[in-house]
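Next comes final-v1.txt, a file with compact mmCIF, C-alpha atoms.
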```txt
# COMPACT_ATOMS: atom_id res chain seq x y z
CA MET A 11 0.00 0.00 0.00
CA HIS A 12 2.73 2.40 1.02
CA LYS A 13 4.83 1.37 -2.00
CA THR A 14 1.91 1.99 -4.39
CA LYS A 15 1.39 5.42 -2.89
CA ILE A 16 5.03 6.38 -3.34
CA LYS A 17 4.93 5.07 -6.94
CA ILE A 18 1.91 7.30 -7.70
CA ALA A 19 3.66 10.26 -6.11
CA ALA A 20 6.85 9.66 -8.09
CA ASP A 21 4.85 9.38 -11.34
CA ALA A 22 3.03 12.61 -10.54
CA LEU A 23 6.31 14.42 -9.93
CA ASP A 24 7.80 12.97 -13.16
CA ALA A 25 4.80 14.23 -15.13
CA ASN A 26 5.12 17.59 -13.41
CA THR A 27 8.79 17.88 -14.36
CA THR A 28 8.00 17.17 -18.02
CA ILE A 29 5.39 19.93 -18.13
CA ALA A 30 7.65 22.29 -16.17
CA GLN A 31 10.31 21.81 -18.87
CA ALA A 32 7.78 22.77 -21.55
CA ASN A 33 6.86 25.87 -19.52
CA ARG A 34 10.53 26.77 -19.13
CA ALA A 35 11.11 26.42 -22.89
CA ASP A 36 8.16 28.76 -23.56
CA PHE A 37 9.42 31.30 -21.01
CA ASP A 38 12.95 31.22 -22.48
CA ARG A 39 11.62 31.61 -26.02
CA ALA A 40 9.67 34.70 -24.91
CA ASP A 41 12.67 35.95 -22.90
CA VAL A 42 10.63 36.06 -19.69
CA ARG A 43 12.28 35.54 -16.28
CA VAL A 44 10.03 33.70 -13.82
CA VAL A 45 9.99 33.87 -10.01
CA ASN A 46 7.97 31.41 -7.90
CA MET A 47 7.02 33.07 -4.57
CA MET A 48 6.08 30.75 -1.73
CA SER A 49 5.23 31.25 1.95
CA ALA A 50 2.94 30.23 4.78
CA PRO A 51 -0.49 31.94 4.75
CA GLY A 52 -0.24 35.62 5.62
CA ALA A 53 3.55 36.10 5.45
CA GLY A 54 3.14 39.04 3.09
CA LYS A 55 3.78 37.84 -0.49
CA THR A 56 1.13 40.09 -2.02
CA ALA A 57 2.20 43.08 0.08
CA LEU A 58 5.81 42.57 -1.07
CA LEU A 59 4.60 42.65 -4.67
CA GLU A 60 2.41 45.71 -4.15
CA ARG A 61 5.34 47.67 -2.75
CA VAL A 62 7.81 47.05 -5.56
CA LEU A 63 5.96 46.29 -8.78
CA ASP A 64 4.90 49.89 -9.22
CA ASP A 65 8.55 51.01 -9.08
CA LEU A 66 10.10 48.52 -11.51
CA ASP A 67 9.93 51.09 -14.30
CA ASP A 68 12.19 49.39 -16.80
CA VAL A 69 10.80 45.91 -16.28
CA ARG A 70 7.43 44.84 -17.67
CA VAL A 71 5.90 42.57 -15.03
CA GLY A 72 3.11 40.01 -15.19
CA VAL A 73 1.60 38.14 -12.23
CA LEU A 74 0.11 34.66 -11.89
CA GLU A 75 -1.95 34.37 -8.70
CA GLY A 76 -2.52 30.95 -7.11
CA ASP A 77 -5.25 30.55 -4.51
CA VAL A 78 -7.52 27.77 -3.33
CA GLN A 79 -10.55 30.01 -3.94
CA GLY A 80 -11.27 33.60 -4.86
CA SER A 81 -9.17 36.40 -6.31
CA LEU A 82 -8.50 38.60 -3.27
CA ASP A 83 -4.80 38.98 -4.07
CA ALA A 84 -5.35 39.66 -7.78
CA ASP A 85 -7.94 42.28 -6.76
CA ARG A 86 -5.36 43.89 -4.43
CA LEU A 87 -2.91 44.19 -7.34
CA ALA A 88 -5.48 45.34 -9.94
CA HIS A 89 -4.67 49.04 -9.42
CA LEU A 90 -1.14 48.39 -10.73
CA HIS A 91 -2.60 47.70 -14.21
CA LEU A 92 -0.35 44.71 -14.86
CA PRO A 93 -1.31 41.55 -16.74
CA ILE A 94 -2.64 39.25 -13.99
CA ALA A 95 -3.99 35.71 -14.38
CA GLN A 96 -5.73 33.82 -11.56
CA ILE A 97 -5.46 30.09 -10.90
CA ASN A 98 -7.91 28.59 -8.40
CA THR A 99 -6.90 25.15 -7.19
CA ASP A 100 -10.29 24.32 -5.69
CA PRO A 101 -11.64 22.18 -8.56
CA GLY A 102 -9.09 19.50 -7.58
CA PHE A 103 -9.07 17.34 -4.49
CA GLY A 104 -10.98 19.71 -2.12
CA GLY A 105 -8.51 22.49 -2.90
CA GLU A 106 -4.98 21.62 -3.96
CA CYS A 107 -2.43 23.03 -1.53
CA HIS A 108 0.11 24.02 -4.20
CA LEU A 109 0.47 25.03 -7.82
CA ASP A 110 1.81 22.48 -10.27
CA ALA A 111 3.34 22.90 -13.71
CA ASN A 112 0.12 21.92 -15.49
CA MET A 113 -1.91 24.58 -13.68
CA VAL A 114 0.67 27.17 -14.72
CA ARG A 115 0.64 25.85 -18.29
CA SER A 116 -3.15 26.11 -18.45
CA ALA A 117 -2.93 29.76 -17.39
CA LEU A 118 -0.26 30.79 -19.93
CA PRO A 119 -2.72 31.66 -22.73
CA ALA A 120 -4.16 34.33 -20.39
CA LEU A 121 -0.78 36.09 -20.15
CA PRO A 122 0.84 38.17 -22.94
CA LEU A 123 4.31 36.60 -22.61
CA ALA A 124 5.65 38.63 -25.54
CA GLU A 125 4.86 41.84 -23.64
CA ILE A 126 6.43 41.04 -20.28
CA ASP A 127 10.00 40.62 -19.00
CA LEU A 128 9.32 39.21 -15.54
CA LEU A 129 6.55 36.85 -14.44
CA ILE A 130 5.87 36.56 -10.72
CA VAL A 131 3.99 33.43 -9.66
CA GLU A 132 2.39 33.79 -6.25
CA ASN A 133 1.90 30.24 -5.01
CA VAL A 134 -0.77 28.95 -2.59
CA GLY A 135 0.12 29.82 1.01
CA ASN A 136 1.80 26.63 2.30
CA LEU A 137 5.34 25.83 3.49
CA VAL A 138 5.23 22.13 2.55
CA CYS A 139 4.13 20.94 -0.91
CA PRO A 140 4.84 23.98 -3.13
CA ALA A 141 8.56 23.28 -2.61
CA LEU A 142 8.23 19.94 -4.46
CA PHE A 143 6.66 21.18 -7.70
CA ASP A 144 8.86 22.73 -10.37
CA LEU A 145 6.70 25.19 -12.32
CA GLY A 146 9.34 26.08 -14.91
CA GLU A 147 10.55 29.07 -12.90
CA ASP A 148 14.07 30.54 -12.84
CA ARG A 149 14.10 31.31 -9.12
CA LYS A 150 12.24 30.21 -5.99
CA VAL A 151 11.62 32.77 -3.24
CA VAL A 152 10.43 31.87 0.26
CA VAL A 153 8.86 34.64 2.31
CA ILE A 154 8.64 34.12 6.07
CA SER A 155 7.34 36.47 8.70
CA VAL A 156 9.13 37.00 12.00
CA THR A 157 5.79 36.35 13.74
CA GLU A 158 5.94 32.71 12.60
CA GLY A 159 8.94 32.00 14.83
CA ASP A 160 12.61 31.28 14.12
CA ASP A 161 12.14 27.49 13.99
CA LYS A 162 10.64 27.39 10.48
CA PRO A 163 13.77 26.14 8.62
CA LEU A 164 13.96 23.11 10.93
CA LYS A 165 10.24 22.37 10.65
CA TYR A 166 9.84 22.93 6.89
CA PRO A 167 13.29 21.95 5.56
CA HIS A 168 12.29 21.12 1.96
CA MET A 169 11.14 24.68 1.38
CA PHE A 170 14.42 26.22 2.55
CA ALA A 171 16.50 23.60 0.72
CA ALA A 172 14.70 24.48 -2.53
CA ALA A 173 14.83 28.27 -2.23
CA ASP A 174 17.20 30.72 -3.94
CA LEU A 175 16.13 33.69 -1.80
CA VAL A 176 14.59 33.99 1.67
CA VAL A 177 12.78 37.25 2.44
CA VAL A 178 12.11 37.69 6.16
CA ASN A 179 9.20 40.11 6.47
CA LYS A 180 7.56 42.15 9.29
CA THR A 181 10.83 43.11 10.99
CA ASP A 182 8.95 46.13 12.45
CA LEU A 183 7.37 43.64 14.89
CA LEU A 184 10.72 42.29 16.19
CA PRO A 185 10.63 44.43 19.38
CA HIS A 186 7.43 42.63 20.40
CA LEU A 187 8.63 39.07 19.68
CA ASP A 188 11.26 36.50 20.64
CA PHE A 189 12.71 35.86 17.19
CA ASP A 190 16.38 34.95 16.80
CA MET A 191 17.32 36.06 13.27
CA GLU A 192 20.81 34.55 13.51
CA ARG A 193 19.48 31.16 14.54
CA CYS A 194 16.91 31.23 11.74
CA GLU A 195 19.46 32.14 9.08
CA ARG A 196 22.04 29.66 10.41
CA ASP A 197 19.52 26.77 10.36
CA ALA A 198 18.43 27.69 6.83
CA ARG A 199 22.03 27.90 5.54
CA ARG A 200 22.78 24.46 6.96
CA LEU A 201 20.10 23.16 4.59
CA ASN A 202 21.19 25.39 1.73
CA PRO A 203 24.52 27.26 1.91
CA ASP A 204 23.84 29.24 -1.30
CA LEU A 205 20.74 31.07 -0.02
CA THR A 206 20.42 34.81 -0.41
CA TRP A 207 18.92 36.27 2.79
CA ILE A 208 17.05 39.57 2.99
CA SER A 209 15.06 40.94 5.93
CA VAL A 210 12.49 43.68 5.31
CA SER A 211 9.44 45.41 6.68
CA VAL A 212 6.78 46.02 4.07
CA ARG A 213 4.90 48.10 6.65
CA THR A 214 7.71 50.62 7.29
CA GLY A 215 9.50 50.13 3.95
CA ASP A 216 12.70 49.13 5.75
CA ASN A 217 15.23 47.45 3.41
CA LEU A 218 12.72 47.00 0.58
CA GLY A 219 15.48 48.27 -1.72
CA ALA A 220 17.29 44.95 -1.28
CA TRP A 221 14.21 43.04 -2.52
CA PHE A 222 13.83 45.50 -5.37
CA ASP A 223 17.52 45.12 -6.29
CA TRP A 224 17.34 41.32 -6.23
CA LEU A 225 14.38 41.37 -8.65
CA GLY A 226 16.31 43.78 -10.86
CA THR A 227 19.26 41.38 -11.24
CA LEU A 228 17.24 38.54 -12.74
CA MET B 15 -6.14 12.39 -16.65
CA HIS B 16 -7.98 14.83 -14.43
CA LYS B 17 -10.75 12.30 -13.85
CA THR B 18 -8.24 9.61 -12.84
CA LYS B 19 -6.67 12.00 -10.37
CA ILE B 20 -9.98 12.82 -8.75
CA LYS B 21 -10.80 9.10 -8.56
CA ILE B 22 -7.52 8.39 -6.76
CA ALA B 23 -8.18 11.28 -4.38
CA ALA B 24 -11.73 10.07 -3.64
CA ASP B 25 -10.45 6.53 -2.97
CA ALA B 26 -7.76 7.92 -0.65
CA LEU B 27 -10.35 9.90 1.31
CA ASP B 28 -12.68 6.86 1.49
CA ALA B 29 -9.84 4.74 2.88
CA ASN B 30 -9.02 7.52 5.32
CA THR B 31 -12.61 7.67 6.57
CA THR B 32 -12.65 3.91 7.20
CA ILE B 33 -9.49 4.10 9.31
CA ALA B 34 -10.74 7.24 11.09
CA GLN B 35 -13.85 5.30 12.14
CA ALA B 36 -11.64 2.57 13.61
CA ASN B 37 -9.65 5.23 15.49
CA ARG B 38 -12.89 6.80 16.78
CA ALA B 39 -14.13 3.43 18.01
CA ASP B 40 -10.85 2.88 19.89
CA PHE B 41 -11.01 6.36 21.42
CA ASP B 42 -14.64 5.87 22.51
CA ARG B 43 -13.85 2.48 24.02
CA ALA B 44 -11.03 4.04 26.05
CA ASP B 45 -13.26 7.04 26.91
CA VAL B 46 -10.74 9.47 25.42
CA ARG B 47 -11.90 12.80 23.92
CA VAL B 48 -9.78 13.86 20.92
CA VAL B 49 -9.06 17.36 19.60
CA ASN B 50 -7.38 17.93 16.21
CA MET B 51 -5.50 21.27 16.28
CA MET B 52 -4.71 22.84 12.92
CA SER B 53 -3.16 26.13 11.81
CA ALA B 54 -0.75 27.78 9.41
CA PRO B 55 2.93 27.49 10.40
CA GLY B 56 3.76 29.58 13.45
CA ALA B 57 0.23 30.53 14.58
CA GLY B 58 0.96 29.28 18.09
CA LYS B 59 -0.55 25.81 18.49
CA THR B 60 2.28 24.52 20.67
CA ALA B 61 2.35 27.70 22.76
CA LEU B 62 -1.41 27.38 23.35
CA LEU B 63 -0.84 23.85 24.60
CA GLU B 64 2.09 24.80 26.81
CA ARG B 65 0.03 27.46 28.54
CA VAL B 66 -2.96 25.32 29.49
CA LEU B 67 -1.91 21.69 29.73
CA ASP B 68 -0.10 22.23 32.98
CA ASP B 69 -3.27 23.64 34.57
CA LEU B 70 -5.79 20.99 33.50
CA ASP B 71 -5.45 19.28 36.87
CA ASP B 72 -8.45 17.01 36.68
CA VAL B 73 -7.89 15.96 33.07
CA ARG B 74 -5.19 13.49 32.07
CA VAL B 75 -3.84 14.73 28.75
CA GLY B 76 -1.84 13.03 25.99
CA VAL B 77 -0.37 14.69 22.91
CA LEU B 78 0.25 13.46 19.39
CA GLU B 79 2.67 15.75 17.53
CA GLY B 80 2.63 15.89 13.75
CA ASP B 81 5.59 17.44 11.92
CA VAL B 82 7.27 16.98 8.56
CA GLN B 83 10.61 16.45 10.32
CA GLY B 84 12.04 16.65 13.80
CA SER B 85 10.49 16.79 17.26
CA LEU B 86 10.88 20.47 18.21
CA ASP B 87 7.31 20.80 19.47
CA ALA B 88 7.39 17.54 21.40
CA ASP B 89 10.67 18.70 22.97
CA ARG B 90 9.01 22.00 23.97
CA LEU B 91 6.25 20.08 25.77
CA ALA B 92 8.55 17.47 27.38
CA HIS B 93 8.79 19.40 30.68
CA LEU B 94 5.04 18.86 31.20
CA HIS B 95 5.68 15.12 31.67
CA LEU B 96 2.68 14.06 29.58
CA PRO B 97 2.49 11.04 27.27
CA ILE B 98 3.66 12.42 23.88
CA ALA B 99 4.01 10.55 20.59
CA GLN B 100 5.67 12.03 17.52
CA ILE B 101 4.59 11.44 13.91
CA ASN B 102 6.99 12.58 11.19
CA THR B 103 5.36 12.76 7.77
CA ASP B 104 8.64 12.99 5.88
CA PRO B 105 8.94 9.31 4.81
CA GLY B 106 5.98 9.95 2.43
CA PHE B 107 5.94 12.03 -0.72
CA GLY B 108 8.76 14.48 0.21
CA GLY B 109 6.97 15.34 3.44
CA GLU B 110 3.20 14.95 3.65
CA CYS B 111 1.53 18.28 4.42
CA HIS B 112 -1.11 16.81 6.76
CA LEU B 113 -1.79 13.98 9.14
CA ASP B 114 -4.12 11.22 7.99
CA ALA B 115 -6.06 8.60 9.96
CA ASN B 116 -3.53 5.87 9.21
CA MET B 117 -0.62 7.91 10.58
CA VAL B 118 -2.61 8.49 13.78
CA ARG B 119 -3.50 4.79 13.95
CA SER B 120 0.14 3.81 13.59
CA ALA B 121 1.01 6.06 16.55
CA LEU B 122 -1.69 4.77 18.91
CA PRO B 123 0.38 1.91 20.37
CA ALA B 124 2.81 4.58 21.63
CA LEU B 125 0.07 6.24 23.72
CA PRO B 126 -1.42 4.81 26.95
CA LEU B 127 -5.08 5.44 25.99
CA ALA B 128 -6.34 3.81 29.18
CA GLU B 129 -4.48 6.42 31.23
CA ILE B 130 -5.62 9.59 29.46
CA ASP B 131 -8.89 11.49 29.19
CA LEU B 132 -8.02 13.99 26.47
CA LEU B 133 -5.78 13.50 23.42
CA ILE B 134 -4.58 16.61 21.61
CA VAL B 135 -3.39 16.02 18.05
CA GLU B 136 -1.18 18.85 16.80
CA ASN B 137 -1.41 18.66 13.02
CA VAL B 138 1.23 19.74 10.47
CA GLY B 139 1.19 23.53 10.02
CA ASN B 140 -0.98 24.04 6.91
CA LEU B 141 -4.35 25.71 6.32
CA VAL B 142 -5.32 23.57 3.31
CA CYS B 143 -5.13 19.76 3.38
CA PRO B 144 -5.44 18.96 7.11
CA ALA B 145 -9.09 20.11 6.90
CA LEU B 146 -9.89 17.21 4.53
CA PHE B 147 -8.65 14.31 6.64
CA ASP B 148 -10.80 12.96 9.45
CA LEU B 149 -8.45 11.48 12.07
CA GLY B 150 -11.19 10.09 14.31
CA GLU B 151 -11.28 13.23 16.46
CA ASP B 152 -14.25 14.67 18.37
CA ARG B 153 -13.48 18.31 17.62
CA LYS B 154 -11.45 20.31 15.11
CA VAL B 155 -9.75 23.53 16.27
CA VAL B 156 -8.26 26.10 13.90
CA VAL B 157 -5.71 28.52 15.36
CA ILE B 158 -5.00 31.69 13.40
CA SER B 159 -2.73 34.55 14.31
CA VAL B 160 -3.76 38.18 13.80
CA THR B 161 -0.44 38.68 12.00
CA GLU B 162 -1.68 36.45 9.15
CA GLY B 163 -4.35 38.98 8.15
CA ASP B 164 -8.15 39.01 8.39
CA ASP B 165 -8.65 37.47 4.92
CA LYS B 166 -7.84 33.89 5.93
CA PRO B 167 -11.45 32.57 6.05
CA LEU B 168 -12.01 33.68 2.44
CA LYS B 169 -8.68 32.24 1.25
CA TYR B 170 -8.80 28.92 3.14
CA PRO B 171 -12.56 28.24 3.34
CA HIS B 172 -12.41 24.44 3.81
CA MET B 173 -10.53 24.85 7.06
CA PHE B 174 -13.08 27.24 8.57
CA ALA B 175 -16.03 25.21 7.24
CA ALA B 176 -14.64 22.11 8.99
CA ALA B 177 -13.77 23.70 12.35
CA ASP B 178 -15.70 23.58 15.62
CA LEU B 179 -13.58 26.26 17.29
CA VAL B 180 -11.45 29.13 15.98
CA VAL B 181 -8.79 30.49 18.33
CA VAL B 182 -7.42 33.85 17.18
CA ASN B 183 -3.99 34.23 18.78
CA LYS B 184 -1.44 37.06 19.26
CA THR B 185 -4.03 39.75 20.03
CA ASP B 186 -1.25 41.63 21.88
CA LEU B 187 0.06 42.61 18.41
CA LEU B 188 -3.26 44.16 17.27
CA PRO B 189 -2.10 47.76 17.96
CA HIS B 190 0.68 47.26 15.40
CA LEU B 191 -1.46 45.70 12.64
CA ASP B 192 -4.45 46.34 10.38
CA PHE B 193 -6.58 43.36 11.38
CA ASP B 194 -10.37 43.64 11.33
CA MET B 195 -11.58 41.04 13.85
CA GLU B 196 -15.26 41.62 12.98
CA ARG B 197 -14.64 41.06 9.28
CA CYS B 198 -12.65 37.91 9.98
CA GLU B 199 -15.32 36.44 12.27
CA ARG B 200 -18.17 37.44 9.93
CA ASP B 201 -16.50 35.79 6.91
CA ALA B 202 -15.82 32.63 8.93
CA ARG B 203 -19.42 32.44 10.22
CA ARG B 204 -20.76 32.73 6.67
CA LEU B 205 -18.93 29.47 5.96
CA ASN B 206 -19.89 27.92 9.28
CA PRO B 207 -22.57 29.54 11.46
CA ASP B 208 -21.97 27.14 14.38
CA LEU B 209 -18.35 28.14 15.03
CA THR B 210 -17.17 28.97 18.51
CA TRP B 211 -14.84 32.01 18.35
CA ILE B 212 -12.20 32.84 20.97
CA SER B 213 -9.46 35.47 20.71
CA VAL B 214 -6.44 35.20 23.01
CA SER B 215 -2.87 36.26 23.54
CA VAL B 216 -0.60 33.45 24.65
CA ARG B 217 2.12 36.04 25.24
CA THR B 218 0.18 38.16 27.75
CA GLY B 219 -2.21 35.41 28.88
CA ASP B 220 -5.21 37.50 27.82
CA ASN B 221 -8.43 35.43 27.64
CA LEU B 222 -6.63 32.09 27.88
CA GLY B 223 -9.33 31.12 30.39
CA ALA B 224 -11.81 30.85 27.51
CA TRP B 225 -9.57 28.30 25.74
CA PHE B 226 -9.06 26.47 29.01
CA ASP B 227 -12.82 26.41 29.65
CA TRP B 228 -13.58 25.13 26.14
CA LEU B 229 -11.16 22.23 26.63
CA GLY B 230 -12.77 21.51 29.99
CA THR B 231 -16.25 21.08 28.48
CA LEU B 232 -15.27 18.26 26.10
```
In structure tokens, how does this file's structure come out?
Amino acid sequence: MHKTKIKIAADALDANTTIAQANRADFDRADVRVVNMMSAPGAGKTALLERVLDDLDDVRVGVLEGDVQGSLDADRLAHLHLPIAQINTDPGFGGECHLDANMVRSALPALPLAEIDLLIVENVGNLVCPALFDLGEDRKVVVISVTEGDDKPLKYPHMFAAADLVVVNKTDLLPHLDFDMERCERDARRLNPDLTWISVSVRTGDNLGAWFDWLGTL
Amino acid sequence: MHKTKIKIAADALDANTTIAQANRADFDRADVRVVNMMSAPGAGKTALLERVLDDLDDVRVGVLEGDVQGSLDADRLAHLHLPIAQINTDPGFGGECHLDANMVRSALPALPLAEIDLLIVENVGNLVCPALFDLGEDRKVVVISVTEGDDKPLKYPHMFAAADLVVVNKTDLLPHLDFDMERCERDARRLNPDLTWISVSVRTGDNLGAWFDWLGTL
């Protein structure tokens, strides 16, 4: 029983990788860089986008929003007048907890790839499964909030092992919390020595330039 | 392809329900009440347990900890000298993002059911999939933190539809946030009119009595 389950899972991931490669080929052909943003619910992915997308003057940005239901995040970004496509995962298995390459592929016709330079994919809020599914992206970003606690790399290791960049958000709340930034970064780097690490506060704007600069180097 | 996937998912949930019923029968026979605690990563499930379990003098409590890897939460509770069993979901599909009835069943021999009155199951931190898997529990509790934002019921509706109790934690941080408690509760009650709603601060101890009282009525 357990063996069968693992076989199904392996097949599903193989199929995902094949479709991700097709996505990647399409993105490369259109000269579009792609960033897959992942986090727990409420860490601030959409807020991080709101604060920088308006300022990326020389970069034409598109957004792919992934949610179980609804389009709250796409609605929040609508005033930026960017190409935005929404994927709802609810038609699957009671709400899939992650995006997969096929969902992204099905949304591509809704995005004018020829007219954008950077595609941001905002994944479903979840620190487990999104790490396992290649979408065809160039970079994976994990956003964590200091309110979630400094033990997240140890508890959700696959996510930190897969990431290129960690953005630690809500640093304005640090005076009210027991969050050990050094411990958090050290535990994450043990899993993944090549991580880039940025801490910011979307609320106060502190260090958002570093996030902006990272996006600009892609 | 999509149809096959849904069929596999439905079969998996059917199998889960069968095992959950066996768990429930074992719990009833041993006269053990069971609470399934769910939340996003870092909402404060373990802290909520730490603060009340020591005071439940007349109730013999056991804990089942669910994590992708490690035993950080079980280690945090070790000083309470309660029966604690750890389930790690990592041997599955790159880290299962939820507990299922079979994982709970496999852990039961590690718990002295005859010597406890209340079993708390701390699920994997995730607001999507844990809502779908009956473990054989009597009650489902969802913990959210005010730092996650007041839009969580709309974005993770299955979790709020399935819950008996919502505990809103970290209310001490409300002065530093834009969190509309009325909106959050109203959206959750639209999904589930029978919800019990408690807001607390584990940090300051504010209103923890309500959580304590709710546990005492099971």
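Residues within 9 Å of region 83-87 of chain A, counting only C-alpha atoms and excluding same-chain residues fewer than 2 positions away, are Thr56, Ala57, Leu59, Glu60, Val73, Leu74, Glu75, Gly76, Asp77, Gly80, Ser81, His89, Leu90, His91, Leu92, Ile94, Ala95 and Gln96 of chain A.
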### Message
If we count only C-alpha atoms and set the cut-off at 10 Å, which residues sit around Ile126 (chain A), ignoring sequence neighbours fewer than 4 positions away in its own chain? Please answer as a count of residues only.
### Response
13
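Across the model, the gap from CA of Val49 (chain B) to CA of Ala124 (chain B) is 17.6 Å.
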### Task
Select all residues from chain A having any atom no more than 10 Å from an atom of chain B (counting only C-alpha atoms, ignoring ligands), output as a ChimeraX atom specification.
/A:12-13,15-20,22-23,49-54,77-83,100-108,134-139,141-142,154-162,164-168,180,182-183,186-187,213
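Our summary of the geometry notes that CA of Ala34 (chain B) is positioned 13.5 Å from CA of Pro144 (chain B).
Taking CA of Ala111 (chain A) and CA of Asn26 (chain A) as endpoints, the distance between them is 5.6 Å.
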